[in-house]
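A.B. asks: Sharing model-v2.txt (compact mmCIF, C-alpha atoms) below.
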# COMPACT_ATOMS: atom_id res chain seq x y z
CA MET A 1 20.75 -18.99 34.47
CA SER A 2 18.99 -17.38 31.51
CA GLU A 3 17.79 -13.79 31.35
CA LEU A 4 14.14 -13.03 30.53
CA VAL A 5 12.38 -10.42 28.41
CA ASP A 6 8.61 -10.33 28.90
CA ALA A 7 7.26 -8.65 25.76
CA ARG A 8 3.71 -9.99 26.04
CA GLY A 9 1.09 -7.41 25.15
CA LEU A 10 3.61 -5.01 23.66
CA SER A 11 3.05 -3.81 20.12
CA CYS A 12 5.56 -3.52 17.31
CA PRO A 13 8.47 -2.62 17.50
CA GLN A 14 8.70 -2.86 21.31
CA PRO A 15 9.40 -6.63 21.57
CA VAL A 16 12.32 -6.30 19.17
CA LEU A 17 13.62 -3.17 20.89
CA ASP A 18 13.51 -4.82 24.31
CA THR A 19 15.17 -7.98 23.00
CA LEU A 20 17.96 -6.11 21.24
CA ALA A 21 18.55 -3.96 24.31
CA LYS A 22 18.92 -7.07 26.44
CA ILE A 23 21.20 -8.72 23.87
CA ALA A 24 23.38 -5.61 23.83
CA ALA A 25 23.53 -5.61 27.62
CA MET A 26 24.31 -9.33 27.87
CA GLY A 27 26.75 -9.70 25.00
CA THR A 28 26.53 -13.45 25.29
CA GLY A 29 24.56 -16.10 27.13
CA GLU A 30 21.05 -17.46 27.22
CA LEU A 31 17.97 -15.29 26.85
CA GLU A 32 14.30 -16.20 26.96
CA VAL A 33 11.72 -13.91 25.34
CA LEU A 34 7.97 -14.15 25.94
CA VAL A 35 5.67 -12.79 23.22
CA ASP A 36 2.00 -13.27 22.42
CA THR A 37 1.67 -12.77 18.68
CA GLU A 38 3.13 -14.66 15.74
CA ALA A 39 4.38 -11.41 14.25
CA SER A 40 6.36 -10.63 17.41
CA LYS A 41 7.72 -14.18 17.44
CA GLU A 42 8.96 -13.83 13.86
CA ASN A 43 10.32 -10.32 14.39
CA VAL A 44 12.21 -11.20 17.58
CA ALA A 45 13.68 -14.34 16.01
CA ARG A 46 14.77 -12.42 12.91
CA ALA A 47 16.30 -9.61 14.96
CA ALA A 48 18.21 -12.02 17.23
CA GLN A 49 19.56 -13.93 14.25
CA GLY A 50 20.60 -10.62 12.73
CA LYS A 51 22.77 -10.07 15.80
CA GLY A 52 24.38 -13.47 15.39
CA TRP A 53 22.31 -15.17 18.08
CA LYS A 54 20.77 -18.58 17.57
CA VAL A 55 17.10 -19.42 18.09
CA ASP A 56 17.52 -22.60 20.14
CA SER A 57 13.84 -23.36 20.60
CA ILE A 58 10.35 -21.89 20.38
CA SER A 59 7.61 -23.34 22.54
CA GLU A 60 3.93 -22.36 22.56
CA GLU A 61 1.56 -22.52 25.46
CA GLY A 62 -1.85 -20.90 25.76
CA GLY A 63 -1.31 -18.76 22.68
CA GLU A 64 1.99 -17.39 23.97
CA TYR A 65 5.46 -18.10 22.69
CA ARG A 66 8.69 -18.63 24.62
CA LEU A 67 11.78 -18.12 22.47
CA LYS A 68 15.07 -19.44 23.81
CA LEU A 69 17.96 -17.49 22.31
CA LEU A 70 21.63 -18.35 22.59
CA GLY A 71 24.41 -15.87 22.00
CA GLY A 72 28.17 -16.19 21.80
CA MET B 1 10.16 -20.41 10.59
CA THR B 2 7.35 -22.23 8.84
CA ASN B 3 5.55 -19.16 7.53
CA PHE B 4 6.87 -18.73 3.97
CA PHE B 5 5.33 -15.29 3.62
CA ALA B 6 7.38 -14.03 6.58
CA SER B 7 10.60 -14.99 4.77
CA ARG B 8 12.55 -12.61 2.53
CA LYS B 9 11.25 -14.35 -0.60
CA GLY B 10 7.76 -14.27 0.87
CA ILE B 11 7.66 -10.55 1.58
CA ILE B 12 9.11 -9.77 -1.84
CA SER B 13 6.47 -11.99 -3.47
CA VAL B 14 3.74 -10.19 -1.55
CA GLY B 15 5.13 -6.80 -2.59
CA LEU B 16 5.19 -7.87 -6.24
CA VAL B 17 1.60 -9.15 -6.08
CA ILE B 18 0.31 -5.98 -4.39
CA GLY B 19 2.14 -3.76 -6.89
CA CYS B 20 0.72 -5.66 -9.88
CA LEU B 21 -2.81 -5.74 -8.48
CA ALA B 22 -2.77 -2.05 -7.57
CA ALA B 23 -1.78 -1.05 -11.10
CA LEU B 24 -4.46 -3.39 -12.48
CA LEU B 25 -7.15 -1.93 -10.22
CA GLN B 26 -6.32 1.49 -11.60
CA TYR B 27 -6.58 0.07 -15.13
CA LEU B 28 -9.97 -1.42 -14.23
CA GLY B 29 -11.42 1.85 -13.00
CA ASN B 30 -9.86 3.06 -9.75
CA PRO B 31 -8.56 6.68 -9.77
CA GLY B 32 -5.16 7.58 -11.20
CA ASN B 33 -2.18 6.29 -9.20
CA MET B 34 -4.77 5.15 -6.66
CA GLY B 35 -5.16 1.48 -7.43
CA ILE B 36 -4.89 1.07 -3.67
CA CYS B 37 -4.79 3.89 -1.12
CA VAL B 38 -5.81 3.03 2.41
CA ALA B 39 -6.21 6.67 3.49
CA CYS B 40 -8.12 7.73 0.37
CA PHE B 41 -10.36 4.67 0.48
CA GLU B 42 -11.15 5.08 4.17
CA ARG B 43 -11.94 8.72 3.37
CA ASP B 44 -14.30 7.50 0.64
CA ILE B 45 -15.95 5.15 3.15
CA ALA B 46 -16.39 8.08 5.56
CA GLY B 47 -18.13 9.87 2.69
CA ALA B 48 -20.25 6.85 1.80
CA VAL B 49 -21.76 6.81 5.29
CA GLY B 50 -22.15 10.59 5.38
CA LEU B 51 -19.46 11.50 7.91
CA HIS B 52 -18.45 14.17 5.42
CA ARG B 53 -20.35 15.52 2.44
CA ALA B 54 -17.58 16.11 -0.08
CA GLY B 55 -19.51 14.88 -3.07
CA VAL B 56 -16.49 13.76 -5.08
CA VAL B 57 -15.11 11.28 -2.52
CA GLN B 58 -17.98 9.07 -1.42
CA TYR B 59 -17.82 5.34 -2.11
CA MET B 60 -17.87 2.24 0.07
CA ARG B 61 -14.51 0.87 -1.06
CA PRO B 62 -14.60 -2.93 -1.15
CA GLU B 63 -10.81 -3.12 -1.06
CA ILE B 64 -10.76 -1.93 2.57
CA ILE B 65 -13.50 -4.39 3.51
CA GLY B 66 -11.51 -7.14 1.82
CA PHE B 67 -8.31 -6.18 3.63
CA VAL B 68 -9.91 -6.72 7.03
CA LEU B 69 -11.92 -9.82 6.14
CA GLY B 70 -8.98 -11.35 4.27
CA ALA B 71 -6.73 -10.75 7.26
CA LEU B 72 -9.36 -12.29 9.54
CA GLY B 73 -9.53 -15.42 7.37
CA ALA B 74 -5.74 -15.67 7.13
CA ALA B 75 -5.38 -15.24 10.88
CA PHE B 76 -7.83 -18.04 11.54
CA MET B 77 -6.18 -20.32 8.98
CA GLY B 78 -2.76 -19.58 10.42
CA ARG B 79 -3.97 -20.00 14.00
CA ASP B 80 -2.94 -16.38 14.46
CA PHE B 81 -6.21 -14.78 15.58
CA ARG B 82 -5.30 -13.16 18.91
CA PRO B 83 -7.98 -10.96 20.45
CA ARG B 84 -6.24 -8.18 22.35
CA ALA B 85 -6.96 -4.58 23.36
CA GLY B 86 -6.32 -1.96 25.99
CA SER B 87 -3.08 -0.29 24.92
CA ALA B 88 -3.87 3.43 25.14
CA PRO B 89 -6.90 3.28 22.83
CA ILE B 90 -7.74 7.00 23.04
CA VAL B 91 -4.18 7.88 22.04
CA ARG B 92 -4.37 5.46 19.13
CA PHE B 93 -7.66 7.06 18.06
CA VAL B 94 -6.14 10.54 18.08
CA LEU B 95 -3.08 9.30 16.19
CA GLY B 96 -5.46 7.81 13.61
CA VAL B 97 -7.27 11.15 13.26
CA PHE B 98 -4.06 13.10 12.66
CA ALA B 99 -2.58 10.38 10.46
CA MET B 100 -5.54 10.83 8.15
CA ILE B 101 -5.32 14.63 8.28
CA GLY B 102 -1.62 14.49 7.34
CA ALA B 103 -2.24 11.92 4.61
CA LEU B 104 -5.01 14.05 3.10
CA VAL B 105 -2.77 17.12 3.05
CA PHE B 106 -0.41 15.03 0.88
CA LEU B 107 -3.30 13.14 -0.76
CA GLY B 108 -2.32 9.56 -0.07
CA CYS B 109 -1.14 6.97 2.40
CA PRO B 110 2.36 5.45 2.20
CA TRP B 111 1.04 2.80 -0.19
CA ARG B 112 -0.25 5.50 -2.54
CA ALA B 113 2.97 7.50 -2.16
CA ILE B 114 4.81 4.50 -3.60
CA LEU B 115 2.13 3.96 -6.27
CA ARG B 116 2.20 7.65 -7.22
CA LEU B 117 5.95 7.40 -7.75
CA ALA B 118 5.45 4.18 -9.74
CA GLY B 119 3.05 6.14 -11.97
CA GLY B 120 5.59 8.90 -12.56
CA ASP B 121 4.17 11.49 -10.13
CA LEU B 122 7.34 13.16 -8.90
CA ASN B 123 5.42 15.08 -6.21
CA ALA B 124 5.42 11.76 -4.38
CA LEU B 125 9.15 12.21 -3.76
CA PHE B 126 8.33 15.05 -1.33
CA GLY B 127 5.71 12.88 0.35
CA ILE B 128 8.05 9.90 0.71
CA ALA B 129 10.79 12.18 2.06
CA GLY B 130 8.31 13.56 4.58
CA LEU B 131 7.19 10.06 5.51
CA ILE B 132 10.79 9.03 6.23
CA VAL B 133 11.42 12.16 8.30
CA GLY B 134 8.22 11.59 10.29
CA ILE B 135 9.13 7.97 10.95
CA GLY B 136 12.66 9.08 11.84
CA ILE B 137 11.25 11.42 14.50
CA GLY B 138 9.17 8.53 15.79
CA THR B 139 12.25 6.33 16.11
CA LEU B 140 13.88 9.00 18.28
CA PHE B 141 10.98 8.63 20.71
CA PHE B 142 11.32 4.84 20.64
CA ARG B 143 15.01 5.16 21.48
CA GLN B 144 14.00 7.24 24.51
CA GLY B 145 11.60 4.61 25.83
CA TYR B 146 8.34 5.69 24.18
CA ASN B 147 5.65 3.04 24.09
CA LEU B 148 1.87 2.89 24.39
CA GLY B 149 1.82 0.23 27.09
CA ARG B 150 0.71 -3.37 27.06
CA ALA B 151 -2.47 -4.71 25.50
CA GLN B 152 -4.39 -7.43 27.31
CA LYS B 153 -5.84 -10.65 26.02
CA THR B 154 -9.55 -10.25 25.67
CA TYR B 155 -12.74 -11.90 24.44
CA PRO B 156 -12.86 -13.15 20.84
CA SER B 157 -15.89 -10.94 20.35
CA VAL B 158 -13.68 -7.86 20.86
CA GLY B 159 -11.38 -9.10 18.12
CA VAL B 160 -14.17 -9.59 15.60
CA VAL B 161 -15.89 -6.21 16.05
CA MET B 162 -13.96 -4.51 13.23
CA PRO B 163 -14.43 -7.44 10.83
CA LEU B 164 -18.14 -7.36 11.69
CA ILE B 165 -18.29 -3.62 10.97
CA MET B 166 -16.68 -4.31 7.59
CA ALA B 167 -19.09 -7.16 6.91
CA GLY B 168 -21.90 -4.75 7.76
CA PHE B 169 -20.50 -2.18 5.30
CA LEU B 170 -20.42 -4.90 2.62
CA ALA B 171 -24.01 -5.84 3.38
CA LEU B 172 -25.00 -2.18 2.99
CA MET B 173 -23.36 -2.16 -0.46
CA PHE B 174 -25.55 -5.06 -1.53
CA ILE B 175 -28.72 -3.70 0.12
CA TYR B 176 -28.19 -0.22 -1.35
CA PRO B 177 -26.29 -0.68 -4.63
CA GLN B 178 -25.22 2.26 -6.71
CA VAL B 179 -27.97 3.60 -8.96
CA ALA B 180 -26.93 5.33 -12.20
CA ASP B 181 -26.93 9.13 -11.88
CA GLU B 182 -28.19 8.99 -8.27
CA ALA B 183 -26.00 10.47 -5.51
CA LYS B 184 -27.68 8.41 -2.81
CA SER B 185 -28.91 4.85 -2.58
CA GLY B 186 -30.72 4.13 0.66
CA VAL B 187 -28.40 5.24 3.45
CA LEU B 188 -25.23 5.26 1.32
CA PHE B 189 -23.80 8.21 -0.59
CA TYR B 190 -22.22 7.66 -4.01
CA SER B 191 -20.09 10.14 -5.95
CA LEU B 192 -21.29 11.07 -9.42
CA LYS B 193 -17.96 12.61 -10.43
CA GLY B 194 -14.41 12.84 -9.13
CA PRO B 195 -12.28 10.10 -7.56
CA GLY B 196 -15.22 8.65 -5.64
CA ALA B 197 -17.02 7.92 -8.91
CA MET B 198 -14.02 6.00 -10.26
CA HIS B 199 -13.83 2.41 -9.19
CA ALA B 200 -13.08 -1.07 -10.45
CA PRO B 201 -16.01 -3.54 -10.51
CA LEU B 202 -17.19 -4.38 -6.99
CA PHE B 203 -16.35 -8.07 -7.06
CA VAL B 204 -12.91 -7.48 -8.57
CA SER B 205 -12.12 -4.91 -5.87
CA LEU B 206 -13.42 -7.21 -3.16
CA ALA B 207 -11.46 -10.19 -4.46
CA VAL B 208 -8.26 -8.16 -4.65
CA GLY B 209 -8.90 -6.83 -1.16
CA LEU B 210 -9.39 -10.32 0.23
CA LEU B 211 -6.24 -11.61 -1.46
CA VAL B 212 -4.11 -8.66 -0.35
CA GLY B 213 -5.53 -8.89 3.16
CA THR B 214 -4.64 -12.57 3.30
CA LEU B 215 -1.11 -12.14 1.96
CA ALA B 216 -0.34 -9.02 3.97
CA GLN B 217 -1.54 -10.56 7.23
CA ARG B 218 0.67 -13.59 6.69
CA SER B 219 3.71 -11.53 5.64
CA ARG B 220 3.24 -8.63 8.15
CA PHE B 221 3.57 -6.23 5.18
CA CYS B 222 4.00 -2.67 6.50
CA THR B 223 5.21 0.35 4.55
CA MET B 224 5.91 2.43 7.66
CA GLY B 225 7.66 -0.52 9.31
CA ALA B 226 9.89 -0.81 6.25
CA PHE B 227 11.47 2.58 6.88
CA ARG B 228 11.26 2.33 10.68
CA ASP B 229 13.13 -0.98 10.75
CA LEU B 230 15.78 0.42 8.44
CA ILE B 231 16.32 3.46 10.67
CA LEU B 232 15.92 1.68 14.01
CA PHE B 233 17.47 -1.74 13.40
CA LYS B 234 19.24 -1.46 10.00
CA GLN B 235 16.88 -4.24 8.85
CA VAL B 236 15.77 -4.30 5.20
CA HIS B 237 13.31 -7.21 5.44
CA LEU B 238 10.09 -5.16 5.15
CA LEU B 239 11.76 -2.63 2.86
CA SER B 240 12.43 -5.37 0.31
CA GLY B 241 8.67 -5.91 0.07
CA VAL B 242 7.99 -2.21 -0.42
CA ILE B 243 10.66 -1.96 -3.13
CA ALA B 244 9.11 -4.99 -4.82
CA LEU B 245 5.72 -3.22 -4.75
CA LEU B 246 7.27 -0.14 -6.39
CA VAL B 247 9.04 -2.16 -9.08
CA ALA B 248 5.97 -4.27 -9.90
CA ALA B 249 3.63 -1.28 -10.08
CA PHE B 250 6.15 0.62 -12.23
CA ALA B 251 6.47 -2.31 -14.66
CA VAL B 252 2.72 -2.88 -14.96
CA ASN B 253 2.11 0.86 -15.34
CA LEU B 254 4.60 0.92 -18.24
CA ILE B 255 2.91 -2.06 -19.88
CA LEU B 256 -0.57 -0.57 -19.48
CA GLY B 257 0.46 2.94 -20.56
CA GLN B 258 -0.24 4.38 -17.12
CA PHE B 259 3.22 5.90 -16.55
CA HIS B 260 3.37 9.67 -16.99
CA MET B 261 6.39 11.32 -15.41
CA GLY B 262 6.32 14.88 -14.12
CA PHE B 263 5.10 17.22 -11.41
CA ALA B 264 2.17 18.98 -13.07
CA ASN B 265 -1.20 17.54 -14.00
CA GLN B 266 -0.78 14.34 -12.00
CA PRO B 267 -4.03 12.61 -11.00
CA VAL B 268 -5.47 13.50 -7.58
CA ALA B 269 -2.31 15.38 -6.59
CA HIS B 270 -1.04 18.91 -6.07
CA THR B 271 2.36 20.46 -6.61
CA GLN B 272 2.92 22.25 -3.28
CA GLY B 273 6.11 20.41 -2.40
CA LEU B 274 6.47 21.78 1.12
CA TRP B 275 2.99 20.63 2.12
CA ASN B 276 3.32 17.31 0.37
CA PHE B 277 6.37 16.91 2.59
CA MET B 278 4.88 18.26 5.82
CA GLY B 279 1.63 16.34 5.46
CA MET B 280 3.55 13.11 5.33
CA VAL B 281 5.89 14.14 8.17
CA LEU B 282 2.75 14.27 10.31
CA ALA B 283 1.29 11.05 8.90
CA GLY B 284 4.60 9.20 9.20
CA LEU B 285 5.05 10.28 12.80
CA CYS B 286 1.50 9.17 13.64
CA PHE B 287 2.02 5.77 11.97
CA ALA B 288 5.33 5.31 13.78
CA LEU B 289 3.91 6.22 17.19
CA ALA B 290 0.94 3.88 16.59
CA GLY B 291 3.14 1.01 15.39
CA GLY B 292 1.97 0.44 11.83
CA CYS B 293 1.04 1.96 8.48
CA PRO B 294 -2.69 2.30 7.72
CA GLY B 295 -2.73 -0.97 5.79
CA ARG B 296 -1.02 -2.81 8.61
CA GLN B 297 -3.53 -1.34 11.07
CA LEU B 298 -6.33 -2.87 8.97
CA PHE B 299 -4.61 -6.26 8.88
CA MET B 300 -3.96 -6.19 12.64
CA ALA B 301 -7.58 -5.22 13.21
CA GLY B 302 -8.51 -8.29 11.17
CA GLU B 303 -6.34 -10.54 13.32
CA GLY B 304 -8.03 -9.42 16.53
CA ASP B 305 -6.16 -6.27 17.59
CA GLY B 306 -8.82 -3.99 19.05
CA ASP B 307 -6.34 -1.13 19.42
CA ALA B 308 -5.52 -1.21 15.72
CA ALA B 309 -9.28 -1.17 15.10
CA VAL B 310 -9.52 2.04 17.17
CA PHE B 311 -6.75 3.57 15.03
CA VAL B 312 -8.74 2.66 11.90
CA LEU B 313 -11.85 4.31 13.33
CA GLY B 314 -9.70 7.33 14.16
CA MET B 315 -8.65 7.55 10.53
CA ILE B 316 -12.24 7.34 9.29
CA VAL B 317 -13.35 10.06 11.72
CA GLY B 318 -10.25 12.07 10.77
CA ALA B 319 -11.42 11.94 7.16
CA GLY B 320 -14.71 13.44 8.32
CA PHE B 321 -12.85 16.26 10.11
CA SER B 322 -10.61 16.80 7.06
CA HIS B 323 -13.44 17.42 4.66
CA ASN B 324 -15.83 19.13 7.08
CA PHE B 325 -13.21 21.60 8.31
CA GLY B 326 -11.37 22.34 5.07
CA LEU B 327 -8.19 20.48 5.99
CA ALA B 328 -7.90 18.14 3.00
CA SER B 329 -6.00 19.15 -0.11
CA SER B 330 -7.33 19.07 -3.65
CA PRO B 331 -5.51 19.21 -6.99
CA LYS B 332 -5.57 23.02 -6.51
CA GLY B 333 -3.46 22.76 -3.35
CA VAL B 334 -3.82 22.54 0.40
CA GLY B 335 -7.17 23.23 2.03
CA PRO B 336 -7.84 26.55 3.82
CA HIS B 337 -7.02 25.12 7.25
CA GLY B 338 -4.74 22.23 6.26
CA ILE B 339 -1.52 23.98 7.27
CA ALA B 340 -2.85 24.86 10.73
CA ALA B 341 -4.01 21.27 11.17
CA VAL B 342 -0.55 19.92 10.34
CA PHE B 343 1.03 22.08 13.04
CA ILE B 344 -1.63 21.13 15.58
CA GLY B 345 -1.10 17.47 14.69
CA LEU B 346 2.66 17.72 15.08
CA ALA B 347 2.21 19.40 18.46
CA VAL B 348 -0.13 16.61 19.59
CA CYS B 349 2.34 13.95 18.40
CA LEU B 350 5.21 15.63 20.24
CA PHE B 351 3.08 15.78 23.38
CA ILE B 352 2.31 12.06 23.08
CA GLY B 353 5.91 11.19 22.25
CA PHE B 354 7.47 13.15 25.08
CA THR B 355 4.96 12.21 27.77
CA MET B 356 4.64 8.46 27.09
CA ARG B 357 8.19 7.37 27.73
CA LYS B 358 9.20 4.75 30.25
CA LYS B 359 12.71 4.05 31.33
CA THR B 360 13.63 0.51 30.32
CA ALA B 361 14.69 -1.85 33.05
Represent the structure of the file as structure tokens.
C.D. replies:
Amino acid sequence: MSELVDARGLSCPQPVLDTLAKIAAMGTGELEVLVDTEASKENVARAAQGKGWKVDSISEEGGEYRLKLLGG
Amino acid sequence: MTNFFASRKGIISVGLVIGCLAALLQYLGNPGNMGICVACFERDIAGAVGLHRAGVVQYMRPEIIGFVLGALGAAFMGRDFRPRAGSAPIVRFVLGVFAMIGALVFLGCPWRAILRLAGGDLNALFGIAGLIVGIGIGTLFFRQGYNLGRAQKTYPSVGVVMPLIMAGFLALMFIYPQVADEAKSGVLFYSLKGPGAMHAPLFVSLAVGLLVGTLAQRSRFCTMGAFRDLILFKQVHLLSGVIALLVAAFAVNLILGQFHMGFANQPVAHTQGLWNFMGMVLAGLCFALAGGCPGRQLFMAGEGDGDAAVFVLGMIVGAGFSHNFGLASSPKGVGPHGIAAVFIGLAVCLFIGFTMRKKTA
């Protein structure tokens, strides 16, 4: 069961902050992050990779992105 | 990631291009160490439309118009135009007002702080230090749950209002072109002396603006974000672009003979170190709380962010306040009420920072 961060509508740097907070709380596992700008998508992916997490997939639907992140 | 400009090499390339072009714009006529200054140029636009009547800083700067329209074009090409609005717009407006007031106490935005240093103006060191301290205070609020709330998706027409305003400003420039030795052409004011009278040729400025707007939108270039990400996340991605801008501008300034190191007699600058510092503490805190440097706010406005557009309007109105109320500095030093305005601005920022915190889930 993956955890979810809904960062849609939040401006920089909130999506990254929320994602990193969740990563810190989880330590390992599967995390999905919802964002609605390309900049947030890139920033969240970069921040997760900086913490050693892998971006497993990014899907787009209706102008929103769902990032699937894997840690551990 | 498929967006090259969002990569490390991409952001460094963009920084190098902006640094080179800024130094060249100065060579081609823009004021000293002001090849590009978002705050100064928005202040000049405020003067051009008569929101203030400081005769030496009135010019419809095509670079700013190009930033927004270039970002709009890049956002459409990159399928990245996302109309959105509704995240505390009045707060963003007020932050824009005080960001401009702080920047005009220092005499420059973060971009110009870097360009001033690249031109040898050591007063910029106080401004950059202040900027970092202001951003650092902002990060403390972020760590405590500060945020301005969510924006909502909205109509495309909302997202194109700021680009349309800029297109309208450009149209005014063509309808009412500058007339030699005339301070007014139709509805637009033009400076006859001072920084407002110094500018590169219109089409060169516009072309550079469009190119920078395009590149910066794609790369998410942000001078405030560079320091914020370093403090908040230990990330140097954006900072690498800002350092590239500094290095490129420094190199081109050396080649063009535009590098003059020292504190005294620097162009469009004063030597009151404390107020260079404090002005940028206020500006940096405003940029941090609003989520982007003034350039980034223009690029976001171009990609459909109505809240960033409100911040931009706040800065333009703030320029009007600065010059109408004696808040802006001049080469002689801070304005008669500039110091009071900095303290009021800091108080407002602290109020916003302390009262807009949500506990994270």
A.B. asks: Under the rule of at most 6 Å, produce a per-residue listing of chain A near chain B: chain, number, name, the closest pair of atoms, and the distance in Å, as CSV, using all atoms listed in the file.
C.D. replies:
residue,atom,partner,partner_atom,distance
A:Gly9,CA,B:Ala151,CA,4.5
A:Leu10,CA,B:Arg150,CA,4.8
A:Cys12,CA,B:Gly291,CA,5.5
A.B. asks: Name the closest residue to Asn43 of chain A among the candidates A:Gly63, A:Gly27, A:Pro15, A:Gly72; distances are taken between atoms, counting all atoms listed in the file.
C.D. replies: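 Smallest separation from Asn43 of chain A among the options: A:Pro15.
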A.B. asks: Please determine the residues with any atom at most 12 Å from (5.0, 22.2, -9.5) (coordinates as given in the file, with only C-alpha atoms counting) and report them as a PyMOL selection string.
C.D. replies: chain B and resi 121-124+126+262-266+269-276+331-333
A.B. asks: Name all residues at most 6 Å from segment 53-64 of chain B (count all atoms listed in the file; drop same-chain ones fewer than 5 positions away) and give them as a VMD selection string.
C.D. replies: chain B and resid 41 44 to 45 47 to 48 189 to 191 193 to 196 205 to 206 209
A.B. asks: Could you check which of B:Val158, B:Cys293, B:Ala248, B:Gln144 is closest to Met280 of chain B, using only C-alpha atoms?
C.D. replies: B:Cys293
A.B. asks: State, in Å with one decimal place, the distance from atom CA of Val310 of chain B to atom CA of Ile90 of chain B.
C.D. replies: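 Answer for the atom CA of Val310 of chain B to atom CA of Ile90 of chain B separation: 7.9 Å.
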A.B. asks: When you draw a straight line from atom CA of Ala340 of chain B to atom CA of Thr223 of chain B, how long is it in Å?
C.D. replies: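 Atom-to-atom, atom CA of Ala340 of chain B to atom CA of Thr223 of chain B, that is 26.5 Å.
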A.B. asks: Give me, please, the distance in Å between atom CA of Val68 of chain B and atom CA of Ala180 of chain B, quoted to one decimal.
C.D. replies: 28.4 Å
A.B. asks: Using all atoms listed in the file, determine which residues lie at most 12 Å from Phe321 of chain B, disregarding the query and same-chain residues fewer than 2 positions distant; provide the list as a PyMOL selection string.
C.D. replies: chain B and resi 43+46-47+50-54+94+96-102+104+314-319+323-328+337-338+341
A.B. asks: Within 12 Å of Ser40 of chain A, counting all atoms listed in the file, which residues show up once you throw out same-chain ones fewer than 2 positions away? Write them as a PyMOL selection string, please.
C.D. replies: (chain A and resi 6-19+33-38+42-48+64-67) or (chain B and resi 6+80+220)
A.B. asks: Every residue with an atom at most 9 Å from (-1.9, -1.2, -12.2) (file coordinates; all atoms listed in the file) is what I'm after, so could you write them as a PDB file with C-alpha atoms, in the coordinates of the input?
C.D. replies:
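Saved result, selection.pdb, follows:
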ATOM      1  CA  GLY B  19       2.140  -3.760  -6.890  1.00  0.00           C
ATOM      2  CA  CYS B  20       0.720  -5.660  -9.880  1.00  0.00           C
ATOM      3  CA  LEU B  21      -2.810  -5.740  -8.480  1.00  0.00           C
ATOM      4  CA  ALA B  22      -2.770  -2.050  -7.570  1.00  0.00           C
ATOM      5  CA  ALA B  23      -1.780  -1.050 -11.100  1.00  0.00           C
ATOM      6  CA  LEU B  24      -4.460  -3.390 -12.480  1.00  0.00           C
ATOM      7  CA  LEU B  25      -7.150  -1.930 -10.220  1.00  0.00           C
ATOM      8  CA  GLN B  26      -6.320   1.490 -11.600  1.00  0.00           C
ATOM      9  CA  TYR B  27      -6.580   0.070 -15.130  1.00  0.00           C
ATOM     10  CA  LEU B  28      -9.970  -1.420 -14.230  1.00  0.00           C
ATOM     11  CA  ASN B  33      -2.180   6.290  -9.200  1.00  0.00           C
ATOM     12  CA  MET B  34      -4.770   5.150  -6.660  1.00  0.00           C
ATOM     13  CA  GLY B  35      -5.160   1.480  -7.430  1.00  0.00           C
ATOM     14  CA  LEU B 115       2.130   3.960  -6.270  1.00  0.00           C
ATOM     15  CA  GLY B 119       3.050   6.140 -11.970  1.00  0.00           C
ATOM     16  CA  ALA B 248       5.970  -4.270  -9.900  1.00  0.00           C
ATOM     17  CA  ALA B 249       3.630  -1.280 -10.080  1.00  0.00           C
ATOM     18  CA  PHE B 250       6.150   0.620 -12.230  1.00  0.00           C
ATOM     19  CA  ALA B 251       6.470  -2.310 -14.660  1.00  0.00           C
ATOM     20  CA  VAL B 252       2.720  -2.880 -14.960  1.00  0.00           C
ATOM     21  CA  ASN B 253       2.110   0.860 -15.340  1.00  0.00           C
ATOM     22  CA  LEU B 256      -0.570  -0.570 -19.480  1.00  0.00           C
ATOM     23  CA  GLN B 258      -0.240   4.380 -17.120  1.00  0.00           C
TER      24      GLN B 258
END
A.B. asks: Might you pull out every residue within 12 Å of Leu239 of chain B, with only C-alpha atoms counted and same-chain residues fewer than 6 positions away left off, and present them as a PyMOL selection string?
C.D. replies: chain B and resi 8+11-12+14-15+114+220-231+245-246
A.B. asks: Closest to Gly52 of chain A among A:Leu31, A:Met26, A:Leu4, A:Gly71, using all atoms listed in the file?
C.D. replies: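 Closest to Gly52 of chain A, using all atoms listed in the file: A:Gly71.
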A.B. asks: Write out as a list in words which residues come within 7 Å of Lys68 of chain A when counting all atoms listed in the file, dropping same-chain ones fewer than 3 positions away.
C.D. replies: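 Counting all atoms listed in the file, the residues come to Leu31, Glu32, Val33, Val55, Asp56, Ser57 and Ile58 of chain A.
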